[in-house]
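Undergrad: Input structure: data.txt, which contains compact mmCIF, C-alpha atoms.
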# COMPACT_ATOMS: atom_id res chain seq x y z
CA MET A 1 27.10 6.64 16.65
CA THR A 2 26.85 3.16 15.10
CA LYS A 3 24.64 4.50 12.34
CA GLN A 4 27.23 7.11 11.39
CA LEU A 5 29.85 4.42 11.20
CA THR A 6 27.76 2.57 8.64
CA PHE A 7 27.49 5.65 6.46
CA LYS A 8 31.25 5.95 6.59
CA ASN A 9 31.44 2.90 4.36
CA LEU A 10 29.08 4.19 1.70
CA PRO A 11 30.70 3.94 -1.74
CA HIS A 12 32.29 7.21 -2.96
CA LYS A 13 29.98 7.21 -5.98
CA THR A 14 26.93 6.90 -3.73
CA ILE A 15 28.03 9.97 -1.77
CA GLU A 16 28.36 11.90 -5.03
CA ARG A 17 24.96 10.76 -6.20
CA LEU A 18 23.29 11.57 -2.86
CA SER A 19 24.58 15.11 -3.26
CA GLN A 20 23.20 15.18 -6.81
CA TYR A 21 19.84 13.73 -5.72
CA ARG A 22 19.53 16.41 -3.08
CA ARG A 23 20.24 19.11 -5.65
CA ALA A 24 17.51 17.70 -7.91
CA LEU A 25 15.11 17.28 -4.97
CA LEU A 26 15.62 20.87 -3.82
CA LEU A 27 14.76 22.00 -7.35
CA CYS A 28 11.60 19.85 -7.40
CA LEU A 29 10.59 21.09 -3.96
CA SER A 30 10.94 24.71 -5.04
CA ASN A 31 8.62 23.85 -7.96
CA GLY A 32 5.94 22.74 -5.50
CA LYS A 33 6.39 18.97 -5.89
CA THR A 34 5.99 16.89 -2.68
CA HIS A 35 6.67 13.30 -3.82
CA ILE A 36 8.90 11.76 -6.46
CA PHE A 37 9.45 8.29 -7.96
CA SER A 38 12.87 6.70 -8.42
CA HIS A 39 12.46 6.75 -12.20
CA GLU A 40 11.90 10.52 -12.11
CA ILE A 41 15.10 11.09 -10.13
CA ALA A 42 16.85 8.68 -12.51
CA LYS A 43 15.76 10.64 -15.56
CA ILE A 44 17.08 13.95 -14.18
CA GLN A 45 20.43 12.33 -13.32
CA HIS A 46 20.76 10.27 -16.53
CA ILE A 47 21.09 7.02 -14.59
CA THR A 48 18.86 3.96 -14.05
CA SER A 49 16.07 3.84 -11.47
CA VAL A 50 17.65 0.63 -10.13
CA GLN A 51 20.71 2.70 -9.23
CA VAL A 52 18.59 5.30 -7.45
CA ARG A 53 16.73 2.65 -5.45
CA ARG A 54 19.98 0.89 -4.56
CA ASP A 55 21.55 4.12 -3.27
CA LEU A 56 18.48 5.00 -1.20
CA MET A 57 18.30 1.47 0.21
CA LEU A 58 21.91 1.91 1.37
CA ILE A 59 20.81 4.88 3.46
CA GLY A 60 17.77 2.96 4.69
CA TYR A 61 15.08 4.92 2.86
CA SER A 62 12.16 3.53 0.91
CA GLY A 63 9.17 5.24 -0.61
CA THR A 64 5.61 4.05 -1.00
CA LEU A 65 4.58 2.25 -4.15
CA ARG A 66 1.75 4.66 -4.79
CA LYS A 67 3.31 8.06 -4.11
CA GLY A 68 7.03 7.42 -4.31
CA TYR A 69 9.51 9.18 -2.01
CA ASN A 70 8.58 12.09 0.21
CA ILE A 71 10.86 14.83 -1.14
CA GLU A 72 11.22 16.85 2.05
CA GLU A 73 11.93 13.76 4.16
CA LEU A 74 14.54 12.58 1.71
CA ILE A 75 16.25 15.97 1.54
CA ASN A 76 16.51 15.98 5.33
CA LEU A 77 17.81 12.43 5.47
CA ILE A 78 20.51 13.13 2.87
CA GLY A 79 21.41 16.27 4.80
CA ASN A 80 21.81 14.26 8.01
CA ILE A 81 24.25 11.96 6.25
CA ILE A 82 26.26 14.39 4.14
CA ASP A 83 26.26 17.57 6.18
CA SER A 84 28.20 18.19 9.31
CA GLU A 85 25.95 19.33 12.15
CA GLU A 86 28.04 22.33 13.09
CA GLY A 87 28.84 23.13 9.45
CA ILE A 88 32.19 23.07 7.69
CA ASN A 89 34.22 26.16 6.82
CA VAL A 90 36.03 26.33 3.50
CA ALA A 91 38.86 28.52 2.17
CA ILE A 92 39.84 29.26 -1.43
CA VAL A 93 43.50 29.78 -2.22
CA GLY A 94 43.89 31.71 -5.48
CA MET A 95 41.39 34.49 -6.08
CA GLY A 96 41.68 34.62 -9.87
CA ASN A 97 38.70 34.07 -12.18
CA LEU A 98 38.22 30.48 -11.07
CA GLY A 99 38.41 31.22 -7.34
CA ARG A 100 35.94 34.07 -7.72
CA ALA A 101 33.65 31.93 -9.90
CA LEU A 102 33.55 29.28 -7.16
CA ILE A 103 32.65 31.88 -4.54
CA ASN A 104 29.81 33.26 -6.68
CA TYR A 105 28.67 29.76 -7.34
CA PHE A 106 28.55 28.50 -3.75
CA THR A 107 27.38 31.57 -1.91
CA GLY A 108 24.10 30.86 -0.15
CA LYS A 109 23.61 27.47 -1.80
CA ARG A 110 24.34 25.21 1.21
CA HIS A 111 24.11 26.60 4.69
CA LYS A 112 26.21 23.81 6.22
CA LEU A 113 29.15 24.51 3.92
CA GLU A 114 30.54 28.02 3.82
CA ILE A 115 33.45 29.69 2.08
CA VAL A 116 34.74 31.95 4.83
CA ALA A 117 38.07 33.16 3.44
CA GLY A 118 40.03 33.66 0.24
CA PHE A 119 43.79 33.94 -0.09
CA ASP A 120 46.00 35.51 -2.75
CA THR A 121 49.40 37.09 -3.22
CA ASN A 122 48.13 40.03 -5.28
CA PRO A 123 48.09 43.24 -3.17
CA ASP A 124 45.21 44.59 -5.30
CA LYS A 125 43.01 41.74 -4.09
CA ILE A 126 44.12 41.48 -0.46
CA GLY A 127 41.74 43.30 1.90
CA ASN A 128 38.91 43.33 -0.64
CA ARG A 129 35.70 41.33 -0.48
CA PHE A 130 34.43 39.15 -3.33
CA SER A 131 30.74 38.25 -3.07
CA GLY A 132 31.10 38.85 0.65
CA VAL A 133 34.23 36.74 1.13
CA GLU A 134 37.32 38.58 2.38
CA CYS A 135 40.62 38.04 0.59
CA TYR A 136 43.64 37.69 2.88
CA SER A 137 47.35 37.59 2.15
CA ILE A 138 48.68 34.08 1.70
CA THR A 139 51.18 34.90 4.46
CA GLU A 140 48.26 34.95 6.90
CA LEU A 141 46.94 31.56 5.82
CA ASN A 142 48.08 29.60 8.86
CA LYS A 143 46.62 32.14 11.29
CA ILE A 144 43.26 32.57 9.52
CA ILE A 145 42.73 28.82 8.99
CA LYS A 146 43.03 28.29 12.74
CA GLN A 147 41.12 31.41 13.73
CA LYS A 148 38.15 30.57 11.52
CA ASP A 149 38.32 26.79 12.09
CA ILE A 150 38.62 26.10 8.35
CA LYS A 151 38.64 22.38 7.50
CA VAL A 152 38.56 22.32 3.68
CA GLY A 153 40.80 24.14 1.21
CA ILE A 154 40.15 24.67 -2.50
CA ILE A 155 43.27 25.26 -4.60
CA THR A 156 42.83 27.54 -7.62
CA VAL A 157 46.34 29.01 -7.89
CA PRO A 158 48.51 28.89 -11.04
CA ALA A 159 49.93 25.37 -11.60
CA ASP A 160 53.48 26.28 -10.56
CA GLN A 161 52.24 27.25 -7.09
CA THR A 162 50.12 24.15 -6.52
CA THR A 163 52.65 22.02 -4.62
CA GLU A 164 53.64 24.84 -2.27
CA THR A 165 50.00 25.77 -1.63
CA ALA A 166 49.05 22.18 -0.79
CA LYS A 167 51.95 21.93 1.66
CA THR A 168 50.94 25.16 3.38
CA LEU A 169 47.32 24.01 3.70
CA VAL A 170 48.28 20.63 5.15
CA LYS A 171 50.66 22.28 7.60
CA ALA A 172 47.88 24.60 8.72
CA GLY A 173 45.78 21.57 9.64
CA ILE A 174 43.35 21.38 6.70
CA LYS A 175 41.55 18.01 6.52
CA GLY A 176 40.21 18.05 2.95
CA ILE A 177 41.61 19.50 -0.29
CA LEU A 178 39.96 20.08 -3.63
CA ASN A 179 42.64 20.68 -6.25
CA TYR A 180 41.39 22.48 -9.38
CA THR A 181 44.84 23.05 -10.89
CA PRO A 182 46.33 20.85 -13.63
CA LYS A 183 49.17 19.78 -11.30
CA PRO A 184 48.52 16.60 -9.25
CA ILE A 185 49.49 16.81 -5.58
CA ASP A 186 50.35 14.43 -2.73
CA VAL A 187 48.77 14.67 0.70
CA PRO A 188 49.18 12.69 3.94
CA ASP A 189 46.77 9.80 4.54
CA ASP A 190 44.62 11.73 6.99
CA VAL A 191 43.82 14.44 4.43
CA TYR A 192 41.05 13.71 1.94
CA LEU A 193 41.94 14.79 -1.61
CA GLU A 194 39.83 15.34 -4.73
CA GLU A 195 41.48 16.50 -7.94
CA TYR A 196 39.59 17.82 -10.91
CA ASP A 197 41.25 18.74 -14.16
CA MET A 198 39.04 20.53 -16.67
CA ILE A 199 41.28 19.56 -19.58
CA THR A 200 40.57 15.87 -18.94
CA THR A 201 36.82 16.40 -19.12
CA LEU A 202 37.07 18.52 -22.26
CA GLU A 203 39.37 15.97 -23.91
CA LYS A 204 36.90 13.23 -23.10
CA VAL A 205 34.01 15.13 -24.70
CA ALA A 206 36.21 15.88 -27.74
CA PHE A 207 37.16 12.19 -28.02
CA TYR A 208 33.52 11.05 -28.21
CA VAL A 209 32.71 13.82 -30.68
CA LYS A 210 35.60 12.64 -32.86
CA MET A 211 34.44 9.00 -32.57
CA SER A 212 30.87 9.86 -33.55
CA ASP A 213 32.28 11.36 -36.74
CA GLU A 214 34.04 8.21 -37.84
CA MET B 1 40.01 2.46 -39.72
CA THR B 2 39.50 -0.83 -37.85
CA LYS B 3 41.92 0.28 -35.19
CA GLN B 4 39.91 3.46 -34.54
CA LEU B 5 36.77 1.38 -34.14
CA THR B 6 38.45 -0.62 -31.39
CA PHE B 7 39.34 2.56 -29.52
CA LYS B 8 35.72 3.60 -29.74
CA ASN B 9 34.92 0.89 -27.21
CA LEU B 10 37.52 1.95 -24.67
CA PRO B 11 35.94 2.39 -21.23
CA HIS B 12 35.06 6.00 -20.38
CA LYS B 13 37.33 5.87 -17.37
CA THR B 14 40.24 4.72 -19.53
CA ILE B 15 39.77 7.74 -21.80
CA GLU B 16 39.87 10.02 -18.77
CA ARG B 17 42.99 8.33 -17.45
CA LEU B 18 44.75 8.44 -20.83
CA SER B 19 44.22 12.19 -20.82
CA GLN B 20 45.62 12.35 -17.28
CA TYR B 21 48.59 10.14 -18.19
CA ARG B 22 49.41 12.44 -21.09
CA ARG B 23 49.29 15.46 -18.83
CA ALA B 24 51.69 13.77 -16.40
CA LEU B 25 53.94 12.57 -19.23
CA LEU B 26 54.15 16.05 -20.78
CA LEU B 27 55.25 17.34 -17.38
CA CYS B 28 57.92 14.60 -17.05
CA LEU B 29 59.12 15.25 -20.60
CA SER B 30 59.51 18.97 -19.89
CA ASN B 31 61.64 17.98 -16.89
CA GLY B 32 64.03 16.09 -19.19
CA LYS B 33 62.82 12.56 -18.40
CA THR B 34 62.75 10.12 -21.37
CA HIS B 35 61.39 6.88 -19.86
CA ILE B 36 58.92 6.08 -17.12
CA PHE B 37 57.69 2.97 -15.27
CA SER B 38 54.04 2.16 -14.68
CA HIS B 39 54.49 2.52 -10.92
CA GLU B 40 55.80 6.06 -11.41
CA ILE B 41 52.74 7.06 -13.45
CA ALA B 42 50.57 5.31 -10.87
CA LYS B 43 52.09 7.31 -8.03
CA ILE B 44 51.44 10.66 -9.77
CA GLN B 45 47.83 9.69 -10.47
CA HIS B 46 47.12 8.08 -7.06
CA ILE B 47 46.10 4.76 -8.67
CA THR B 48 47.67 1.28 -8.86
CA SER B 49 50.33 0.34 -11.40
CA VAL B 50 48.13 -2.61 -12.42
CA GLN B 51 45.54 -0.06 -13.56
CA VAL B 52 48.13 1.86 -15.57
CA ARG B 53 49.40 -1.31 -17.27
CA ARG B 54 45.85 -2.46 -18.01
CA ASP B 55 44.95 0.88 -19.64
CA LEU B 56 48.10 0.90 -21.76
CA MET B 57 47.54 -2.70 -22.79
CA LEU B 58 44.10 -1.68 -24.02
CA ILE B 59 45.75 0.76 -26.41
CA GLY B 60 48.35 -1.83 -27.40
CA TYR B 61 51.38 -0.28 -25.74
CA SER B 62 53.98 -2.02 -23.62
CA GLY B 63 57.26 -0.80 -22.27
CA THR B 64 60.51 -2.64 -21.71
CA LEU B 65 61.21 -4.26 -18.37
CA ARG B 66 64.48 -2.41 -17.98
CA LYS B 67 63.62 1.14 -19.01
CA GLY B 68 59.84 1.29 -18.77
CA TYR B 69 57.75 3.25 -21.26
CA ASN B 70 59.22 5.66 -23.79
CA ILE B 71 57.56 8.92 -22.76
CA GLU B 72 57.59 10.63 -26.15
CA GLU B 73 56.23 7.55 -27.93
CA LEU B 74 53.47 7.16 -25.38
CA ILE B 75 52.48 10.86 -25.61
CA ASN B 76 52.19 10.50 -29.39
CA LEU B 77 50.20 7.30 -29.16
CA ILE B 78 47.73 8.79 -26.68
CA GLY B 79 47.46 11.83 -28.94
CA ASN B 80 46.62 9.61 -31.93
CA ILE B 81 43.79 8.06 -29.95
CA ILE B 82 42.33 11.04 -28.14
CA ASP B 83 42.96 13.93 -30.50
CA SER B 84 41.12 14.60 -33.70
CA GLU B 85 43.54 14.96 -36.63
CA GLU B 86 42.07 18.23 -37.88
CA GLY B 87 41.49 19.54 -34.35
CA ILE B 88 38.22 20.34 -32.62
CA ASN B 89 36.86 23.84 -32.11
CA VAL B 90 35.18 24.74 -28.84
CA ALA B 91 32.87 27.56 -27.78
CA ILE B 92 32.10 28.86 -24.30
CA VAL B 93 28.63 30.21 -23.59
CA GLY B 94 28.69 32.49 -20.55
CA MET B 95 31.72 34.77 -20.21
CA GLY B 96 31.49 35.35 -16.48
CA ASN B 97 34.31 34.43 -14.09
CA LEU B 98 34.04 30.71 -14.80
CA GLY B 99 33.97 31.11 -18.60
CA ARG B 100 36.97 33.40 -18.50
CA ALA B 101 38.80 31.09 -16.08
CA LEU B 102 38.34 28.20 -18.52
CA ILE B 103 39.71 30.28 -21.39
CA ASN B 104 42.79 31.27 -19.38
CA TYR B 105 43.21 27.71 -18.34
CA PHE B 106 43.04 26.08 -21.78
CA THR B 107 44.78 28.66 -23.91
CA GLY B 108 47.81 27.11 -25.57
CA LYS B 109 47.63 23.87 -23.55
CA ARG B 110 46.41 21.50 -26.31
CA HIS B 111 46.88 22.48 -29.94
CA LYS B 112 44.24 20.01 -31.20
CA LEU B 113 41.54 21.52 -28.99
CA GLU B 114 40.89 25.22 -29.30
CA ILE B 115 38.40 27.63 -27.76
CA VAL B 116 37.56 29.80 -30.77
CA ALA B 117 34.57 31.80 -29.54
CA GLY B 118 32.80 33.01 -26.43
CA PHE B 119 29.17 34.10 -26.15
CA ASP B 120 27.37 36.34 -23.70
CA THR B 121 24.36 38.63 -23.43
CA ASN B 122 26.23 41.45 -21.66
CA PRO B 123 26.90 44.34 -24.11
CA ASP B 124 30.02 45.29 -22.11
CA LYS B 125 31.57 41.94 -22.99
CA ILE B 126 30.39 41.53 -26.58
CA GLY B 127 33.05 42.59 -29.09
CA ASN B 128 35.86 42.30 -26.53
CA ARG B 129 38.58 39.69 -26.44
CA PHE B 130 39.43 37.60 -23.37
CA SER B 131 42.86 35.93 -23.52
CA GLY B 132 42.59 36.22 -27.28
CA VAL B 133 39.09 34.73 -27.56
CA GLU B 134 36.42 37.02 -29.03
CA CYS B 135 33.10 37.37 -27.22
CA TYR B 136 30.06 37.41 -29.50
CA SER B 137 26.41 38.13 -28.79
CA ILE B 138 24.38 35.04 -27.98
CA THR B 139 22.08 36.06 -30.85
CA GLU B 140 24.93 35.27 -33.27
CA LEU B 141 25.53 31.80 -31.81
CA ASN B 142 23.99 29.80 -34.63
CA LYS B 143 25.90 31.72 -37.31
CA ILE B 144 29.29 31.65 -35.56
CA ILE B 145 29.04 27.94 -34.63
CA LYS B 146 28.61 27.10 -38.31
CA GLN B 147 31.12 29.63 -39.61
CA LYS B 148 33.87 28.44 -37.28
CA ASP B 149 32.93 24.76 -37.45
CA ILE B 150 32.54 24.52 -33.66
CA LYS B 151 31.76 21.01 -32.42
CA VAL B 152 31.88 21.32 -28.63
CA GLY B 153 30.09 23.80 -26.38
CA ILE B 154 30.86 24.57 -22.75
CA ILE B 155 27.97 26.00 -20.73
CA THR B 156 28.90 28.45 -17.97
CA VAL B 157 25.77 30.61 -17.89
CA PRO B 158 23.64 31.25 -14.76
CA ALA B 159 21.55 28.18 -13.86
CA ASP B 160 18.25 29.68 -15.02
CA GLN B 161 19.62 30.02 -18.56
CA THR B 162 21.06 26.50 -18.79
CA THR B 163 18.12 24.74 -20.48
CA GLU B 164 17.69 27.45 -23.11
CA THR B 165 21.44 27.55 -23.82
CA ALA B 166 21.64 23.78 -24.26
CA LYS B 167 18.71 23.86 -26.71
CA THR B 168 20.33 26.64 -28.75
CA LEU B 169 23.64 24.74 -28.90
CA VAL B 170 22.00 21.49 -30.00
CA LYS B 171 19.97 23.32 -32.63
CA ALA B 172 23.15 24.91 -33.97
CA GLY B 173 24.59 21.44 -34.55
CA ILE B 174 26.95 21.07 -31.57
CA LYS B 175 28.06 17.44 -31.01
CA GLY B 176 29.39 17.57 -27.47
CA ILE B 177 28.37 19.60 -24.43
CA LEU B 178 30.12 20.18 -21.15
CA ASN B 179 27.66 21.57 -18.61
CA TYR B 180 29.29 23.40 -15.68
CA THR B 181 26.06 24.81 -14.28
CA PRO B 182 24.19 23.25 -11.33
CA LYS B 183 21.15 22.55 -13.56
CA PRO B 184 21.12 19.11 -15.27
CA ILE B 185 20.17 19.11 -18.96
CA ASP B 186 18.81 16.68 -21.53
CA VAL B 187 20.36 16.24 -24.96
CA PRO B 188 19.52 14.05 -27.98
CA ASP B 189 21.30 10.68 -28.26
CA ASP B 190 23.76 11.91 -30.89
CA VAL B 191 25.13 14.64 -28.61
CA TYR B 192 27.70 13.62 -26.02
CA LEU B 193 27.10 15.21 -22.61
CA GLU B 194 29.31 15.65 -19.55
CA GLU B 195 27.97 17.45 -16.49
CA TYR B 196 30.12 18.66 -13.66
CA ASP B 197 28.73 20.23 -10.53
CA MET B 198 31.26 21.77 -8.20
CA ILE B 199 28.91 21.58 -5.22
CA THR B 200 28.86 17.77 -5.49
CA THR B 201 32.64 17.56 -5.32
CA LEU B 202 32.86 19.98 -2.41
CA GLU B 203 30.09 18.15 -0.53
CA LYS B 204 31.96 14.88 -1.03
CA VAL B 205 35.18 16.33 0.41
CA ALA B 206 33.20 17.80 3.32
CA PHE B 207 31.54 14.43 3.98
CA TYR B 208 34.87 12.62 4.31
CA VAL B 209 36.25 15.40 6.49
CA LYS B 210 33.20 15.07 8.75
CA MET B 211 33.60 11.26 8.86
CA SER B 212 37.28 11.48 9.78
CA ASP B 213 36.23 13.58 12.78
CA GLU B 214 33.90 10.94 14.21
Produce C-alpha cells that represent the structure in this file.
TA:
Amino acid sequence: MTKQLTFKNLPHKTIERLSQYRRALLLCLSNGKTHIFSHEIAKIQHITSVQVRRDLMLIGYSGTLRKGYNIEELINLIGNIIDSEEGINVAIVGMGNLGRALINYFTGKRHKLEIVAGFDTNPDKIGNRFSGVECYSITELNKIIKQKDIKVGIITVPADQTTETAKTLVKAGIKGILNYTPKPIDVPDDVYLEEYDMITTLEKVAFYVKMSDE
Amino acid sequence: MTKQLTFKNLPHKTIERLSQYRRALLLCLSNGKTHIFSHEIAKIQHITSVQVRRDLMLIGYSGTLRKGYNIEELINLIGNIIDSEEGINVAIVGMGNLGRALINYFTGKRHKLEIVAGFDTNPDKIGNRFSGVECYSITELNKIIKQKDIKVGIITVPADQTTETAKTLVKAGIKGILNYTPKPIDVPDDVYLEEYDMITTLEKVAFYVKMSDE
C-alpha cells in the first residue's frame, strides 16, 4: 500500500486535472485514437504541455517520444488512482431542478461512482424514480445511508436548509460532501468538503467581460 | 480610469474570493451585523485570515484594529470592482433541468447581473417563461442576443451540442461563456471562458473519501 500512500499526497489540482484528462482521453478513445501527445491533451484542457507532463510524471507515467501516451493504458492508470476498487455510492439531498440535473448528468458516466439515492421533503417526489434513482423522504436519510453504504452526499437543497442538511449527513456517517448551495457549511476534519457556488463563477466571467470593455 | 486598470490585473482567484466575501458579507448584513474581522470572514470561507487581508489590501481596503471592516462599505467597494455599472445581461442556452436550476438560483440575487433570455430547441419550452425568463427558439439566438444586448452565455445543452452552441454564441458577439457541459470548448482570445465539469468535482471528493479509508 506504499504506492497508494504516495498518491494521497498528490496536489488537489493534480487530482482535478487527472479527472479532466481521463474525460478527454475517454472521448479520444471513443473516436478511435490510440495514442496522444502531451501537447494535444494540453490543448483540449487549455493548459500548457509542461503541466500535463508534470502531472503524469507525478503518477509515474511517461509516453514514448515517437507515439506519445498510450490512451487506454493512461485511462486505466488514472482509474487505479482516482477510483475506489469497490466503487463509491453517492446520495443527492434536494431533488429540485439541480438535483435532477446532476442525476441525469452522472447516470452511466462512471461505473465506480454511482448515485444510489435521492432525498427530498416534497411528498410528490418521495417514492418516485428520477432517471432510475429513487427519491426517499429526508426522514429516512440516516437509515438509507447506512443500508446502501453511501459515502458521499451532494447538497442541492434551498439555502436555508443547507446547515441542517449538512449536519444530518455528517451524523449519518457521510465522508465527503459536495455543497452546491450558496450557503457555506462547516464539517468535521474527517469529512472532505467541496463547495461550489455558481454565482461566483458567473460574477467572475462578468468581471472579465466588463474589463475587456474598458 | 487608472484605478479600474489596476483591478484588471487582480489575480483570478482574488476575483473569485471577492465574490465569495460579498456573498458572506451580505448574509452577515442581513443578520444585523455591521462590522467584521478578517478572521471571521476567513472562518466562513475556510481560508486563512492572512489571505483575506491580502485580498482586501489588493483592492485598497483596510479595517480598524478595534472594530474590523465596515461590512456595508466593503460590500459597496467589492460591487464597484466586480459589477458593471450598467449591468450585464446573461443568456442560458439549454433549458433542461440544469438551465432551469440556474435561473431559479440567480433570479433576484444580483441586480447587476441578469438572466434575460433562455434558448432551447424543444417546441414545448419555446414561448414559455421559467421563473420569469422567456425561452426562445435557438434559431432566434443571434437576433435576441443583439436586441437584448446580452454579453454572457451559459451553456447547459447536451454534450453533443456543446461545440455548435459555443460557435453560435461567439458568432452572435457574446464576450463571456460559462460552459457547464462535460465537453471542453475553444473560443477566440477576446472571449472569456470558464468551464465547470461536475464529474471532476465529484471524482475529487470520491478520491479523498477513498484515501481517508486506506
Undergrad: May I have a table of the residues of segment 60-107 of chain B lying at most 12 Å from segment 173-183 of chain B, giving each one's closest pair of atoms and their distance in Å to one decimal, counting only C-alpha atoms, ordered by chain and ascending residue number, as CSV?
TA:
residue,atom,partner,partner_atom,distance
B:Ile88,CA,B:Gly176,CA,10.6
B:Asn89,CA,B:Ile174,CA,10.3
B:Val90,CA,B:Gly176,CA,9.3
B:Ala91,CA,B:Ile174,CA,9.6
B:Ile92,CA,B:Leu178,CA,9.4
B:Val93,CA,B:Asn179,CA,10.0
B:Gly94,CA,B:Thr181,CA,10.3
B:Leu98,CA,B:Tyr180,CA,8.8
B:Gly99,CA,B:Tyr180,CA,9.5
B:Leu102,CA,B:Tyr180,CA,10.6
Undergrad: Just the selected residues (C-alpha atoms), exported as a CSV table (one decimal), in the frame of the given file, please.
TA:
chain,number,residue,atom,x,y,z
B,88,ILE,CA,38.2,20.3,-32.6
B,89,ASN,CA,36.9,23.8,-32.1
B,90,VAL,CA,35.2,24.7,-28.8
B,91,ALA,CA,32.9,27.6,-27.8
B,92,ILE,CA,32.1,28.9,-24.3
B,93,VAL,CA,28.6,30.2,-23.6
B,94,GLY,CA,28.7,32.5,-20.6
B,98,LEU,CA,34.0,30.7,-14.8
B,99,GLY,CA,34.0,31.1,-18.6
B,102,LEU,CA,38.3,28.2,-18.5
Undergrad: To one decimal place in Å, what is the distance between atom CA of Glu86 of chain A and atom CA of Ser30 of chain A?
TA: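 Computing the Euclidean distance for atom CA of Glu86 of chain A and atom CA of Ser30 of chain A yields 25.0 Å.
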Undergrad: Within 6 Å of chain A, which residues of chain B show up? Give each one with its shortest atom-to-atom distance in Å (one decimal) and the two atoms involved, counting all atoms listed in the file, rows by chain then rising residue number, as a Markdown table.
TA:
| residue | atom | partner | partner_atom | distance |
| --- | --- | --- | --- | --- |
| B:Glu16 | CA | A:Thr200 | CA | 5.9 |
| B:Ser19 | CA | A:Thr200 | CA | 5.5 |
| B:Ile82 | CA | A:Phe207 | CA | 5.3 |
| B:Ser84 | CA | A:Lys210 | CA | 5.9 |
| B:Asn97 | CA | A:Asn97 | CA | 4.8 |
| B:Leu98 | CA | A:Ala101 | CA | 5.1 |
| B:Ala101 | CA | A:Asn97 | CA | 4.9 |
| B:Lys175 | CA | A:Val209 | CA | 5.9 |
| B:Gly176 | CA | A:Val205 | CA | 5.9 |
| B:Thr200 | CA | A:Ser19 | CA | 5.5 |
| B:Val205 | CA | A:Gly176 | CA | 5.9 |
| B:Phe207 | CA | A:Ile82 | CA | 5.3 |
| B:Val209 | CA | A:Lys175 | CA | 5.9 |
| B:Lys210 | CA | A:Ser84 | CA | 5.9 |
Undergrad: Which one is closest to Ala172 of chain A: A:Glu140, A:Glu73, A:Asp189, A:Glu114? Count all atoms listed in the file.
TA: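 Comparing A:Glu140, A:Glu73, A:Asp189, A:Glu114 against Ala172 of chain A, the winner is A:Glu140.
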Undergrad: Quick one, how far is atom CA of Asn142 of chain B from atom CA of Arg129 of chain B?
TA: 19.4 Å
Undergrad: List the residues sitting within 7 Å of (18.4, 18.5, -27.7) in the file's frame, using all atoms listed in the file, as a list in words.
TA: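 The requested residues, written out, are Lys167, Val170, Asp186, Val187 and Pro188 of chain B.
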Undergrad: So the first atom is atom CA of Asp160 of chain A and the second is atom CA of Ser49 of chain B; what is the distance between them in Å, to one decimal place?
TA: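 Between atom CA of Asp160 of chain A and atom CA of Ser49 of chain B the gap works out to 26.1 Å.
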Undergrad: First collect every listed atom of segment 52-59 of chain A; then fit an axis-aligned box around them, widen it by 4 Å on each side, and give centre and edge lengths in Å to one decimal, as lines of an AutoDock Vina configuration file.
TA:
center_x = 19.3
center_y = 3.1
center_z = -2.0
size_x = 13.2
size_y = 12.4
size_z = 18.9
Undergrad: Leu74 of chain B: which residues within 10 Å, counting only C-alpha atoms, same-chain residues fewer than 6 positions away excluded, as a ChimeraX atom specification?
TA: /B:18,21-22,25,35-36,56,61-63,80
Undergrad: Keeping C-alpha atoms for every residue in the selection just given, could you write it to a file as a PDB file, in the frame of the given file?
TA:
ATOM      1  CA  LEU B  18      44.750   8.440 -20.830  1.00  0.00           C
ATOM      2  CA  TYR B  21      48.590  10.140 -18.190  1.00  0.00           C
ATOM      3  CA  ARG B  22      49.410  12.440 -21.090  1.00  0.00           C
ATOM      4  CA  LEU B  25      53.940  12.570 -19.230  1.00  0.00           C
ATOM      5  CA  HIS B  35      61.390   6.880 -19.860  1.00  0.00           C
ATOM      6  CA  ILE B  36      58.920   6.080 -17.120  1.00  0.00           C
ATOM      7  CA  LEU B  56      48.100   0.900 -21.760  1.00  0.00           C
ATOM      8  CA  TYR B  61      51.380  -0.280 -25.740  1.00  0.00           C
ATOM      9  CA  SER B  62      53.980  -2.020 -23.620  1.00  0.00           C
ATOM     10  CA  GLY B  63      57.260  -0.800 -22.270  1.00  0.00           C
ATOM     11  CA  ASN B  80      46.620   9.610 -31.930  1.00  0.00           C
TER      12      ASN B  80
END
Undergrad: Return the single residue from B:Pro123, B:Pro11, B:Gly60, B:Gly118 that is closest to Ile103 of chain B, with distances computed using all atoms listed in the file.
TA: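 Among the listed residues, the smallest separation from Ile103 of chain B belongs to B:Gly118.
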Undergrad: List as number ranges by chain the protein and nucleic acid residues near Thr48 of chain A, meaning an atom at most 9 Å away when only C-alpha atoms are counted, but skip any in the same chain fewer than 5 places from it.
TA: A: 38-39, 41-43, 53
Undergrad: My list of candidates is B:Asn76, B:Thr107, B:Thr168, B:Thr156. Which is closest to Ser131 of chain B when distances are computed with all atoms listed in the file?
TA: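 Of B:Asn76, B:Thr107, B:Thr168, B:Thr156, the one nearest Ser131 of chain B is B:Thr107, counting all atoms listed in the file.
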Undergrad: My list of candidates is A:Val52, A:Ala166, A:Ile144, A:Met95. Which is closest to Lys125 of chain A when distances are computed with all atoms listed in the file?
TA: A:Met95
Undergrad: Taking all atoms listed in the file into account, name the residue in A:Ile155, A:Leu26, A:Asp149, A:Val116 that is nearest to Tyr136 of chain A.
TA: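 Looking only at the distances to Tyr136 of chain A, the closest residue turns out to be A:Val116.
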Undergrad: As a CSV table (one decimal), in the coordinates of the input, please: segment 76-80 of chain A completed to N, CA and C atoms.
TA:
chain,number,residue,atom,x,y,z
A,76,ASN,N,16.0,15.9,4.0
A,76,ASN,CA,16.5,16.0,5.3
A,76,ASN,C,17.4,14.8,5.7
A,77,LEU,N,17.0,13.6,5.2
A,77,LEU,CA,17.8,12.4,5.5
A,77,LEU,C,19.2,12.5,4.8
A,78,ILE,N,19.2,13.0,3.6
A,78,ILE,CA,20.5,13.1,2.9
A,78,ILE,C,21.3,14.2,3.6
A,79,GLY,N,20.7,15.2,4.0
A,79,GLY,CA,21.4,16.3,4.8
A,79,GLY,C,22.0,15.7,6.1
A,80,ASN,N,21.3,14.9,6.8
A,80,ASN,CA,21.8,14.3,8.0
A,80,ASN,C,23.1,13.4,7.7
